[in-house]
file entry-v5.txt (compact mmCIF, C-alpha atoms and all ligand atoms)
# COMPACT_ATOMS: atom_id res chain seq x y z
CA MET O 1 0.00 0.00 0.00
CA TRP O 2 2.09 2.94 1.25
CA ARG O 3 5.24 1.15 0.15
CA GLY O 4 3.99 1.57 -3.38
CA LEU O 5 3.53 5.27 -2.79
CA LEU O 6 7.21 5.81 -2.08
CA PRO O 7 9.07 4.74 -5.20
CA GLY O 8 12.81 5.19 -5.37
CA VAL O 9 13.28 6.18 -1.75
CA ALA O 10 16.27 4.82 0.16
CA ALA O 11 15.85 1.75 2.36
CA ALA O 12 13.85 2.37 5.50
CA VAL O 13 15.33 2.77 8.95
CA VAL O 14 13.16 0.70 11.24
CA ALA O 15 12.66 1.68 14.84
CA VAL O 16 10.72 -0.73 17.01
CA ALA O 17 9.23 0.16 20.36
CA PRO O 18 8.33 -3.18 21.94
CA GLU O 19 6.27 -1.65 24.75
CA ALA O 20 4.13 0.54 22.47
CA GLY O 21 4.37 4.11 23.68
CA LEU O 22 7.07 6.01 21.88
CA ALA O 23 9.11 4.99 18.86
CA GLY O 24 11.58 7.48 17.51
CA ALA O 25 14.26 7.77 14.87
CA GLY O 26 15.81 11.21 15.32
CA THR O 27 13.70 13.38 13.05
CA ALA O 28 10.37 11.67 13.72
CA ALA O 29 8.60 10.03 16.63
CA LEU O 30 5.51 7.86 16.91
CA HIS O 31 3.24 7.81 19.92
CA VAL O 32 0.29 5.41 20.29
CA LEU O 33 -2.22 6.20 23.05
CA PRO O 34 -3.42 4.46 25.12
CA ARG O 35 -1.04 1.51 25.27
CA GLU O 36 -3.83 -0.96 25.87
CA VAL O 37 -7.43 -1.17 24.65
CA VAL O 38 -10.29 -3.65 24.90
CA GLN O 39 -11.74 -4.89 21.59
CA GLY O 40 -14.12 -2.16 20.42
CA GLN O 41 -12.07 0.74 21.75
CA ALA O 42 -9.98 3.05 19.59
CA CYS O 43 -6.56 4.54 20.12
CA GLU O 44 -4.78 7.59 18.82
CA VAL O 45 -1.64 7.72 16.69
CA GLN O 46 0.56 10.80 16.96
CA VAL O 47 3.50 11.35 14.65
CA ARG O 48 5.90 14.15 15.50
CA VAL O 49 8.03 15.39 12.64
CA VAL O 50 10.80 17.99 12.75
CA ASP O 51 10.90 18.76 9.04
CA PRO O 52 8.02 18.93 6.59
CA ALA O 53 7.34 15.33 5.64
CA GLN O 54 4.93 13.02 3.94
CA VAL O 55 3.55 10.44 6.30
CA TRP O 56 1.65 7.17 5.79
CA ALA O 57 0.31 4.87 8.47
CA THR O 58 -1.20 1.42 8.79
CA ALA O 59 -2.50 -0.54 11.76
CA GLY O 60 -2.86 -4.29 11.48
CA GLY O 61 -2.15 -3.83 7.76
CA ARG O 62 -5.05 -1.37 7.22
CA ALA O 63 -4.54 2.22 6.16
CA VAL O 64 -4.94 4.86 8.87
CA LEU O 65 -5.91 8.34 7.70
CA LEU O 66 -3.60 10.96 9.20
CA TYR O 67 -4.31 14.67 9.43
CA ARG O 68 -1.95 17.56 10.01
CA THR O 69 -1.49 18.99 13.48
CA ARG O 70 0.91 21.63 14.83
CA GLU O 71 3.41 18.97 15.92
CA GLY O 72 3.01 16.65 12.96
CA TYR O 73 0.20 14.24 12.22
CA ARG O 74 -2.56 12.46 14.08
CA GLY O 75 -5.00 9.67 13.34
CA PHE O 76 -7.23 7.06 14.96
CA VAL O 77 -7.05 3.28 15.02
CA GLY O 78 -10.19 1.28 15.69
CA THR O 79 -10.50 -2.23 17.07
CA SER O 80 -13.48 -4.59 17.09
CA PRO O 81 -14.33 -8.15 18.20
CA HIS O 82 -12.63 -9.19 14.93
CA THR O 83 -9.30 -7.65 15.95
CA PRO O 84 -7.09 -10.47 17.26
CA PRO O 85 -6.15 -10.03 20.94
CA GLY O 86 -2.45 -9.31 21.48
CA ALA O 87 -0.16 -6.77 19.87
CA LEU O 88 -1.65 -4.61 17.11
CA LEU O 89 1.24 -3.15 15.13
CA VAL O 90 1.11 0.46 13.98
CA ARG O 91 3.54 1.24 11.17
CA VAL O 92 4.32 4.74 10.04
CA VAL O 93 6.49 5.77 7.12
CA VAL O 94 7.89 9.30 7.21
CA ALA O 95 9.44 10.56 3.97
CA THR O 96 11.37 13.80 4.00
CA ARG O 97 13.92 15.18 1.53
CA GLY O 98 14.52 11.80 -0.12
CA HIS O 99 15.05 10.19 3.27
CA GLN O 100 12.63 7.60 4.58
CA VAL O 101 12.07 6.35 8.10
CA GLU O 102 9.74 3.61 9.23
CA LEU O 103 8.46 3.78 12.79
CA VAL O 104 6.73 0.84 14.43
CA GLY O 105 4.64 1.07 17.57
CA GLN O 106 2.01 -1.15 19.02
CA VAL O 107 -1.12 -1.21 21.12
CA ARG O 108 -2.08 -4.20 23.23
CA VAL O 109 -5.59 -5.42 22.44
CA ARG O 110 -7.43 -7.28 25.18
CA ALA O 111 -10.33 -9.61 24.39
CA GLY O 112 -13.72 -8.11 25.20
CA ARG O 113 -16.31 -10.04 27.17
CA PHE O 114 -19.36 -9.99 24.97
CA GLY O 115 -22.68 -11.58 25.83
CA GLU O 116 -25.25 -13.05 23.51
CA ARG O 117 -28.71 -11.98 22.44
CA HIS O 118 -31.42 -14.07 20.83
CA LEU O 119 -33.80 -12.46 18.36
CA ARG O 120 -36.48 -13.71 16.02
CA VAL O 121 -36.67 -12.00 12.64
CA ALA O 122 -38.33 -12.69 9.29
CA PRO O 123 -36.15 -15.38 7.62
CA GLU O 124 -35.87 -13.35 4.39
CA LEU O 125 -33.96 -10.70 6.38
CA LEU O 126 -31.13 -13.20 6.93
CA ASP O 127 -30.44 -13.44 3.18
CA PRO O 128 -26.67 -12.81 2.86
CA ARG O 129 -27.30 -10.88 -0.38
CA LEU O 130 -29.02 -8.15 1.61
CA ALA O 131 -26.03 -7.81 3.93
CA ALA O 132 -23.66 -7.78 0.94
CA TYR O 133 -25.71 -5.08 -0.82
CA GLU O 134 -25.77 -2.98 2.34
CA ARG O 135 -22.02 -3.38 2.86
CA ARG O 136 -21.39 -2.15 -0.70
CA ARG O 137 -23.60 0.92 -0.15
CA VAL O 138 -21.82 1.77 3.11
CA GLU O 139 -18.37 1.21 1.61
CA ALA O 140 -19.19 3.46 -1.35
CA ALA O 141 -20.52 6.19 0.95
CA THR O 142 -17.46 6.10 3.23
CA ALA O 143 -14.77 5.61 0.58
CA ARG O 144 -13.55 9.23 0.48
CA PRO O 145 -13.38 10.51 4.06
CA LEU O 146 -12.97 14.20 4.84
CA PRO O 147 -9.32 14.47 5.90
CA ASP O 148 -9.57 16.87 8.84
CA PRO O 149 -11.72 16.28 11.93
CA ARG O 150 -14.90 18.34 11.97
CA TRP O 151 -15.38 17.85 15.68
CA ALA O 152 -13.78 18.90 18.95
CA GLY O 153 -14.65 17.37 22.29
CA PRO O 154 -16.82 14.39 23.10
CA PHE O 155 -19.56 12.97 20.90
CA ARG O 156 -23.12 13.16 22.19
CA LEU O 157 -25.70 10.41 22.47
CA PRO O 158 -28.04 10.89 19.49
CA VAL O 159 -31.12 10.10 21.61
CA ARG O 160 -31.74 9.86 25.34
CA GLY O 161 -32.71 6.41 26.57
CA PRO O 162 -31.46 3.15 28.00
CA VAL O 163 -28.87 1.17 26.06
CA VAL O 164 -30.80 -2.05 25.53
CA SER O 165 -28.10 -3.88 23.53
CA PRO O 166 -24.48 -2.93 24.08
CA TYR O 167 -21.70 -3.09 21.53
CA GLY O 168 -20.17 -6.46 20.77
CA VAL O 169 -22.90 -8.87 21.89
CA ARG O 170 -23.21 -11.96 19.72
CA ASN O 171 -26.36 -11.92 17.62
CA VAL O 172 -28.28 -15.17 17.44
CA TYR O 173 -31.07 -14.83 14.89
CA ASN O 174 -33.72 -17.56 14.81
CA GLY O 175 -31.36 -19.85 16.73
CA ARG O 176 -28.31 -19.33 14.50
CA PRO O 177 -25.18 -17.27 15.34
CA TYR O 178 -24.92 -14.23 13.13
CA GLY O 179 -21.85 -12.24 14.18
CA HIS O 180 -21.41 -9.43 16.64
CA HIS O 181 -23.64 -6.42 17.24
CA LEU O 182 -21.35 -3.63 16.07
CA GLY O 183 -23.09 -0.61 17.56
CA VAL O 184 -25.31 0.25 20.50
CA ASP O 185 -29.10 0.07 20.62
CA VAL O 186 -30.81 2.89 22.49
CA ARG O 187 -34.48 2.45 23.24
CA ALA O 188 -36.69 5.46 22.57
CA LYS O 189 -40.29 6.18 21.56
CA PRO O 190 -41.05 6.11 17.84
CA GLY O 191 -40.77 9.59 16.37
CA THR O 192 -38.19 10.80 18.93
CA PRO O 193 -35.78 13.18 17.14
CA VAL O 194 -32.34 11.67 16.46
CA ARG O 195 -29.53 14.21 16.68
CA ALA O 196 -26.12 14.27 15.01
CA ALA O 197 -23.49 13.01 17.46
CA GLN O 198 -21.05 15.63 16.17
CA HIS O 199 -20.49 18.09 13.33
CA GLY O 200 -20.17 16.39 9.99
CA GLN O 201 -21.35 15.88 6.45
CA VAL O 202 -24.15 13.53 5.36
CA VAL O 203 -22.71 10.82 3.11
CA LEU O 204 -25.67 8.42 3.13
CA ALA O 205 -29.38 9.01 3.74
CA GLU O 206 -31.49 6.24 2.31
CA ARG O 207 -33.53 3.14 3.05
CA LEU O 208 -31.42 -0.01 3.34
CA PRO O 209 -32.84 -3.55 3.58
CA LEU O 210 -31.41 -4.28 7.07
CA GLY O 211 -30.57 -0.85 8.49
CA GLY O 212 -33.91 0.51 7.36
CA ASN O 213 -33.89 4.29 6.98
CA THR O 214 -30.22 5.05 7.60
CA VAL O 215 -28.06 8.15 7.94
CA ILE O 216 -24.25 8.11 7.89
CA LEU O 217 -22.23 11.19 8.80
CA ASP O 218 -18.58 11.83 7.92
CA HIS O 219 -16.85 13.59 10.83
CA GLY O 220 -13.42 13.69 9.16
CA ALA O 221 -10.18 11.88 10.11
CA GLY O 222 -11.70 8.54 9.05
CA VAL O 223 -14.51 8.72 11.65
CA PHE O 224 -18.11 8.07 10.53
CA SER O 225 -21.27 7.69 12.63
CA SER O 226 -24.38 5.78 11.55
CA TYR O 227 -28.02 5.92 12.65
CA LEU O 228 -30.25 2.98 11.73
CA HIS O 229 -33.93 1.91 11.74
CA LEU O 230 -35.23 5.51 11.54
CA SER O 231 -38.93 6.07 10.86
CA ALA O 232 -38.04 9.05 8.66
CA LEU O 233 -34.98 10.93 7.41
CA ALA O 234 -34.49 14.66 8.00
CA VAL O 235 -31.32 15.21 5.93
CA ARG O 236 -29.99 14.53 2.44
CA VAL O 237 -26.59 13.49 1.08
CA GLY O 238 -24.06 16.32 0.89
CA GLN O 239 -25.66 18.36 3.67
CA GLN O 240 -23.46 19.81 6.43
CA VAL O 241 -24.84 19.18 9.92
CA ARG O 242 -23.98 20.60 13.32
CA ALA O 243 -23.71 18.51 16.48
CA GLY O 244 -27.20 18.13 17.91
CA GLN O 245 -29.01 18.86 14.64
CA VAL O 246 -32.01 16.59 13.99
CA ILE O 247 -31.11 14.12 11.23
CA GLY O 248 -34.08 11.73 11.52
CA TYR O 249 -36.61 10.13 13.87
CA VAL O 250 -36.58 6.92 15.89
CA GLY O 251 -38.36 4.03 14.20
CA SER O 252 -38.22 0.30 13.64
CA THR O 253 -37.50 0.00 9.90
CA GLY O 254 -35.28 -2.72 8.42
CA ARG O 255 -34.17 -5.69 10.54
CA SER O 256 -35.53 -4.35 13.83
CA THR O 257 -37.84 -5.94 16.38
CA ALA O 258 -38.94 -2.81 18.29
CA PRO O 259 -38.50 0.97 18.03
CA HIS O 260 -34.92 1.93 18.91
CA LEU O 261 -31.90 3.69 17.50
CA HIS O 262 -28.89 1.65 16.44
CA TRP O 263 -25.94 4.01 16.71
CA GLY O 264 -22.63 2.99 15.18
CA LEU O 265 -19.19 4.54 14.81
CA ARG O 266 -16.55 3.51 12.27
CA VAL O 267 -12.90 4.44 12.56
CA ASN O 268 -10.95 3.90 9.35
CA GLY O 269 -13.41 1.18 8.38
CA ILE O 270 -13.49 -0.59 11.78
CA PRO O 271 -16.82 -0.49 13.64
CA VAL O 272 -15.97 0.57 17.21
CA ASP O 273 -18.00 1.07 20.38
CA PRO O 274 -19.33 4.65 20.18
CA LEU O 275 -19.92 5.06 23.93
CA PRO O 276 -16.24 5.66 24.85
CA TRP O 277 -16.37 8.65 22.48
CA THR O 278 -19.08 10.31 24.58
CA ALA O 279 -18.59 12.27 27.79
CA ARG O 280 -20.36 9.41 29.59
CA GLY O 281 -17.86 6.92 28.19
CA ARG O 282 -14.54 5.73 29.45
CA ARG O 283 -12.37 7.79 27.11
CA THR O 284 -12.96 10.76 24.88
CA PRO O 285 -11.01 11.66 21.78
CA PRO O 286 -9.57 15.16 21.49
ZN ZN D 301 -28.37 -2.56 16.84

call {"tool": "encode", "arguments": {"input": "entry-v5.txt", "output": "structure tokens"}}
result
Amino acid sequence: MWRGLLPGVAAAVVAVAPEAGLAGAGTAALHVLPREVVQGQACEVQVRVVDPAQVWATAGGRAVLLYRTREGYRGFVGTSPHTPPGALLVRVVVATRGHQVELVGQVRVRAGRFGERHLRVAPELLDPRLAAYERRRVEAATARPLPDPRWAGPFRLPVRGPVVSPYGVRNVYNGRPYGHHLGVDVRAKPGTPVRAAQHGQVVLAERLPLGGNTVILDHGAGVFSSYLHLSALAVRVGQQVRAGQVIGYVGSTGRSTAPHLHWGLRVNGIPVDPLPWTARGRRTPP
């Protein structure tokens, strides 16, 4: 991937920091925070550079979008129940004046303890073609993220209400295992306004077979939030929204058994637990 983007550059100097934290090679330094996460949590990658440089990053082999900061670059790495427990390697290539440095850091991923939930749904909603279609729509909508973060401070819960299904639980539909629940379900009355968790741009606002009426917002820096099963949409693709702006209304469309909001957050393509990004959560991003 990024190797291909750096043709003709001298062999890389590799600096490995076995205990995560800081990896440095003179003109550049890599910091991964925190050092340890539970599956579903995200961490932050900071790259300090002395000279102007081009920087590329991957985590677990996946590209990590970096944006410019005063000290260098910053980006976010997501984990999920599909991220193997153990060391997740973060690799950063810094290219400056024909000189290339590779920095390697790591974050320790601990296995989450996820429960199980049993649901009965119409059998036709378990057709894998529906999930594949939906995945393609989401991938197309999130393929060109806004580079810079549109937000500052914690994300807000899009609706008030009890979390009736947390992130990560194993879905068992009609008696068969069907993967993890990769968002949180918040119970609320049908028609309750659903508010944007942060500033962003609408990249998807349409009816999907499983998500039902769905909105996806691009918050920049590879971070997207999604709002599923809405009774109605209040925004259209391309629209800029402010944190707290009404984007739709609670419903039970798509593969849903009762009125609720499914709220999801993706970080560079990895669906993470959104609650740690809120003030109520365990950790808030900058
Ligand atoms: Zn859900």

call {"tool": "residues_near_ligand", "arguments": {"input": "entry-v5.txt", "ligand": "ligand ZN 301 (chain D)", "cutoff": "6 Å", "atoms": "only C-alpha atoms and all ligand atoms", "output": "list in words"}}
result
Gly183, Val184, Asp185 and His262 of chain O

call {"tool": "closest_atom_pairs", "arguments": {"input": "entry-v5.txt", "of": "stretch 87-130 of chain O", "to": "stretch 52-60 of chain O", "cutoff": "8 Å", "atoms": "all atoms listed in the file", "output": "tab-separated table"}}
result
residue	atom	partner	partner_atom	distance
O:Leu88	CA	O:Gly60	CA	5.8
O:Leu89	CA	O:Gly60	CA	5.6
O:Val90	CA	O:Ala59	CA	4.4
O:Arg91	CA	O:Thr58	CA	5.3
O:Val92	CA	O:Ala57	CA	4.3
O:Val93	CA	O:Trp56	CA	5.2
O:Val94	CA	O:Val55	CA	4.6
O:Ala95	CA	O:Gln54	CA	5.1
O:Thr96	CA	O:Ala53	CA	4.6
O:Arg97	CA	O:Ala53	CA	7.8

call {"tool": "residues_around", "arguments": {"input": "entry-v5.txt", "residues": "O:Leu66", "least_positions_apart": "4", "cutoff": "6 Å", "atoms": "all atoms listed in the file", "output": "JSON, numbers by chain"}}
result
{"O": [73, 74, 75]}

call {"tool": "write_last_selection", "arguments": {"input": "entry-v5.txt", "atoms": "C-alpha atoms", "output": "tab-separated table (two decimals), in the coordinates of the input"}}
result
chain	number	residue	atom	x	y	z
O	73	TYR	CA	0.20	14.24	12.22
O	74	ARG	CA	-2.56	12.46	14.08
O	75	GLY	CA	-5.00	9.67	13.34

call {"tool": "atom_distance", "arguments": {"input": "entry-v5.txt", "atom1": "atom CA of O:Val202", "atom2": "atom CA of O:Lys189"}}
result
24.0 Å

call {"tool": "atom_distance", "arguments": {"input": "entry-v5.txt", "atom1": "atom CA of O:Val250", "atom2": "atom CA of O:Arg120"}}
result
20.6 Å

call {"tool": "atom_distance", "arguments": {"input": "entry-v5.txt", "atom1": "atom CA of O:Gln201", "atom2": "atom CA of O:Arg62"}}
result
23.7 Å

call {"tool": "closest_residue", "arguments": {"input": "entry-v5.txt", "among": "O:Tyr249, O:Trp277, O:Tyr178, O:Tyr133", "to": "O:Ser225", "atoms": "all atoms listed in the file"}}
result
O:Trp277

call {"tool": "decode", "arguments": {"input": "entry-v5.txt", "residues": "stretch 128-158 of chain O", "atoms": "N, CA and C atoms", "output": "PDB file, in the first residue's frame"}}
result
ATOM      1  N   PRO O 128     -27.996 -13.460   2.904  1.00  0.00           N
ATOM      2  CA  PRO O 128     -26.669 -12.812   2.862  1.00  0.00           C
ATOM      3  C   PRO O 128     -26.534 -11.778   1.743  1.00  0.00           C
ATOM      4  N   ARG O 129     -27.382 -11.877   0.713  1.00  0.00           N
ATOM      5  CA  ARG O 129     -27.303 -10.885  -0.384  1.00  0.00           C
ATOM      6  C   ARG O 129     -27.704  -9.499   0.101  1.00  0.00           C
ATOM      7  N   LEU O 130     -28.617  -9.455   1.074  1.00  0.00           N
ATOM      8  CA  LEU O 130     -29.022  -8.154   1.613  1.00  0.00           C
ATOM      9  C   LEU O 130     -27.849  -7.509   2.367  1.00  0.00           C
ATOM     10  N   ALA O 131     -27.174  -8.330   3.183  1.00  0.00           N
ATOM     11  CA  ALA O 131     -26.027  -7.805   3.930  1.00  0.00           C
ATOM     12  C   ALA O 131     -24.926  -7.366   2.976  1.00  0.00           C
ATOM     13  N   ALA O 132     -24.715  -8.127   1.903  1.00  0.00           N
ATOM     14  CA  ALA O 132     -23.663  -7.779   0.936  1.00  0.00           C
ATOM     15  C   ALA O 132     -24.002  -6.472   0.218  1.00  0.00           C
ATOM     16  N   TYR O 133     -25.276  -6.320  -0.160  1.00  0.00           N
ATOM     17  CA  TYR O 133     -25.707  -5.077  -0.823  1.00  0.00           C
ATOM     18  C   TYR O 133     -25.480  -3.883   0.106  1.00  0.00           C
ATOM     19  N   GLU O 134     -25.886  -4.069   1.360  1.00  0.00           N
ATOM     20  CA  GLU O 134     -25.775  -2.985   2.337  1.00  0.00           C
ATOM     21  C   GLU O 134     -24.307  -2.608   2.571  1.00  0.00           C
ATOM     22  N   ARG O 135     -23.454  -3.627   2.664  1.00  0.00           N
ATOM     23  CA  ARG O 135     -22.015  -3.380   2.860  1.00  0.00           C
ATOM     24  C   ARG O 135     -21.459  -2.557   1.691  1.00  0.00           C
ATOM     25  N   ARG O 136     -21.876  -2.900   0.479  1.00  0.00           N
ATOM     26  CA  ARG O 136     -21.391  -2.149  -0.696  1.00  0.00           C
ATOM     27  C   ARG O 136     -21.840  -0.687  -0.632  1.00  0.00           C
ATOM     28  N   ARG O 137     -23.100  -0.466  -0.229  1.00  0.00           N
ATOM     29  CA  ARG O 137     -23.604   0.917  -0.149  1.00  0.00           C
ATOM     30  C   ARG O 137     -22.806   1.720   0.889  1.00  0.00           C
ATOM     31  N   VAL O 138     -22.551   1.082   2.034  1.00  0.00           N
ATOM     32  CA  VAL O 138     -21.820   1.770   3.111  1.00  0.00           C
ATOM     33  C   VAL O 138     -20.380   2.024   2.679  1.00  0.00           C
ATOM     34  N   GLU O 139     -19.763   1.032   2.042  1.00  0.00           N
ATOM     35  CA  GLU O 139     -18.374   1.208   1.613  1.00  0.00           C
ATOM     36  C   GLU O 139     -18.259   2.333   0.588  1.00  0.00           C
ATOM     37  N   ALA O 140     -19.223   2.397  -0.340  1.00  0.00           N
ATOM     38  CA  ALA O 140     -19.187   3.459  -1.349  1.00  0.00           C
ATOM     39  C   ALA O 140     -19.352   4.824  -0.684  1.00  0.00           C
ATOM     40  N   ALA O 141     -20.236   4.904   0.306  1.00  0.00           N
ATOM     41  CA  ALA O 141     -20.516   6.191   0.954  1.00  0.00           C
ATOM     42  C   ALA O 141     -19.339   6.671   1.803  1.00  0.00           C
ATOM     43  N   THR O 142     -18.528   5.733   2.298  1.00  0.00           N
ATOM     44  CA  THR O 142     -17.458   6.100   3.229  1.00  0.00           C
ATOM     45  C   THR O 142     -16.072   5.992   2.591  1.00  0.00           C
ATOM     46  N   ALA O 143     -16.042   5.869   1.261  1.00  0.00           N
ATOM     47  CA  ALA O 143     -14.765   5.605   0.583  1.00  0.00           C
ATOM     48  C   ALA O 143     -13.840   6.819   0.532  1.00  0.00           C
ATOM     49  N   ARG O 144     -14.397   8.028   0.598  1.00  0.00           N
ATOM     50  CA  ARG O 144     -13.550   9.228   0.481  1.00  0.00           C
ATOM     51  C   ARG O 144     -13.763  10.126   1.696  1.00  0.00           C
ATOM     52  N   PRO O 145     -13.141   9.748   2.828  1.00  0.00           N
ATOM     53  CA  PRO O 145     -13.379  10.513   4.060  1.00  0.00           C
ATOM     54  C   PRO O 145     -12.819  11.930   3.995  1.00  0.00           C
ATOM     55  N   LEU O 146     -13.497  12.839   4.672  1.00  0.00           N
ATOM     56  CA  LEU O 146     -12.965  14.195   4.836  1.00  0.00           C
ATOM     57  C   LEU O 146     -11.678  14.076   5.641  1.00  0.00           C
ATOM     58  N   PRO O 147     -10.594  14.706   5.200  1.00  0.00           N
ATOM     59  CA  PRO O 147      -9.324  14.472   5.902  1.00  0.00           C
ATOM     60  C   PRO O 147      -9.290  15.026   7.329  1.00  0.00           C
ATOM     61  N   ASP O 148      -9.738  16.245   7.523  1.00  0.00           N
ATOM     62  CA  ASP O 148      -9.571  16.870   8.837  1.00  0.00           C
ATOM     63  C   ASP O 148     -10.792  16.651   9.726  1.00  0.00           C
ATOM     64  N   PRO O 149     -10.573  16.490  11.033  1.00  0.00           N
ATOM     65  CA  PRO O 149     -11.718  16.285  11.930  1.00  0.00           C
ATOM     66  C   PRO O 149     -12.616  17.504  11.958  1.00  0.00           C
ATOM     67  N   ARG O 150     -13.918  17.254  11.905  1.00  0.00           N
ATOM     68  CA  ARG O 150     -14.895  18.339  11.970  1.00  0.00           C
ATOM     69  C   ARG O 150     -15.319  18.611  13.409  1.00  0.00           C
ATOM     70  N   TRP O 151     -14.868  17.753  14.323  1.00  0.00           N
ATOM     71  CA  TRP O 151     -15.381  17.849  15.685  1.00  0.00           C
ATOM     72  C   TRP O 151     -14.254  18.251  16.643  1.00  0.00           C
ATOM     73  N   ALA O 152     -14.685  18.709  17.821  1.00  0.00           N
ATOM     74  CA  ALA O 152     -13.783  18.905  18.948  1.00  0.00           C
ATOM     75  C   ALA O 152     -14.569  18.517  20.182  1.00  0.00           C
ATOM     76  N   GLY O 153     -13.957  17.779  21.070  1.00  0.00           N
ATOM     77  CA  GLY O 153     -14.646  17.366  22.286  1.00  0.00           C
ATOM     78  C   GLY O 153     -15.424  16.087  22.098  1.00  0.00           C
ATOM     79  N   PRO O 154     -16.133  15.684  23.144  1.00  0.00           N
ATOM     80  CA  PRO O 154     -16.821  14.394  23.103  1.00  0.00           C
ATOM     81  C   PRO O 154     -18.000  14.368  22.120  1.00  0.00           C
ATOM     82  N   PHE O 155     -18.348  13.170  21.685  1.00  0.00           N
ATOM     83  CA  PHE O 155     -19.563  12.970  20.903  1.00  0.00           C
ATOM     84  C   PHE O 155     -20.743  12.930  21.867  1.00  0.00           C
ATOM     85  N   ARG O 156     -21.930  13.216  21.318  1.00  0.00           N
ATOM     86  CA  ARG O 156     -23.116  13.162  22.192  1.00  0.00           C
ATOM     87  C   ARG O 156     -24.012  12.001  21.795  1.00  0.00           C
ATOM     88  N   LEU O 157     -24.731  11.464  22.773  1.00  0.00           N
ATOM     89  CA  LEU O 157     -25.697  10.406  22.473  1.00  0.00           C
ATOM     90  C   LEU O 157     -26.766  10.988  21.557  1.00  0.00           C
ATOM     91  N   PRO O 158     -27.074  10.328  20.448  1.00  0.00           N
ATOM     92  CA  PRO O 158     -28.042  10.892  19.487  1.00  0.00           C
ATOM     93  C   PRO O 158     -29.475  10.947  20.017  1.00  0.00           C
TER      94      PRO O 158
END
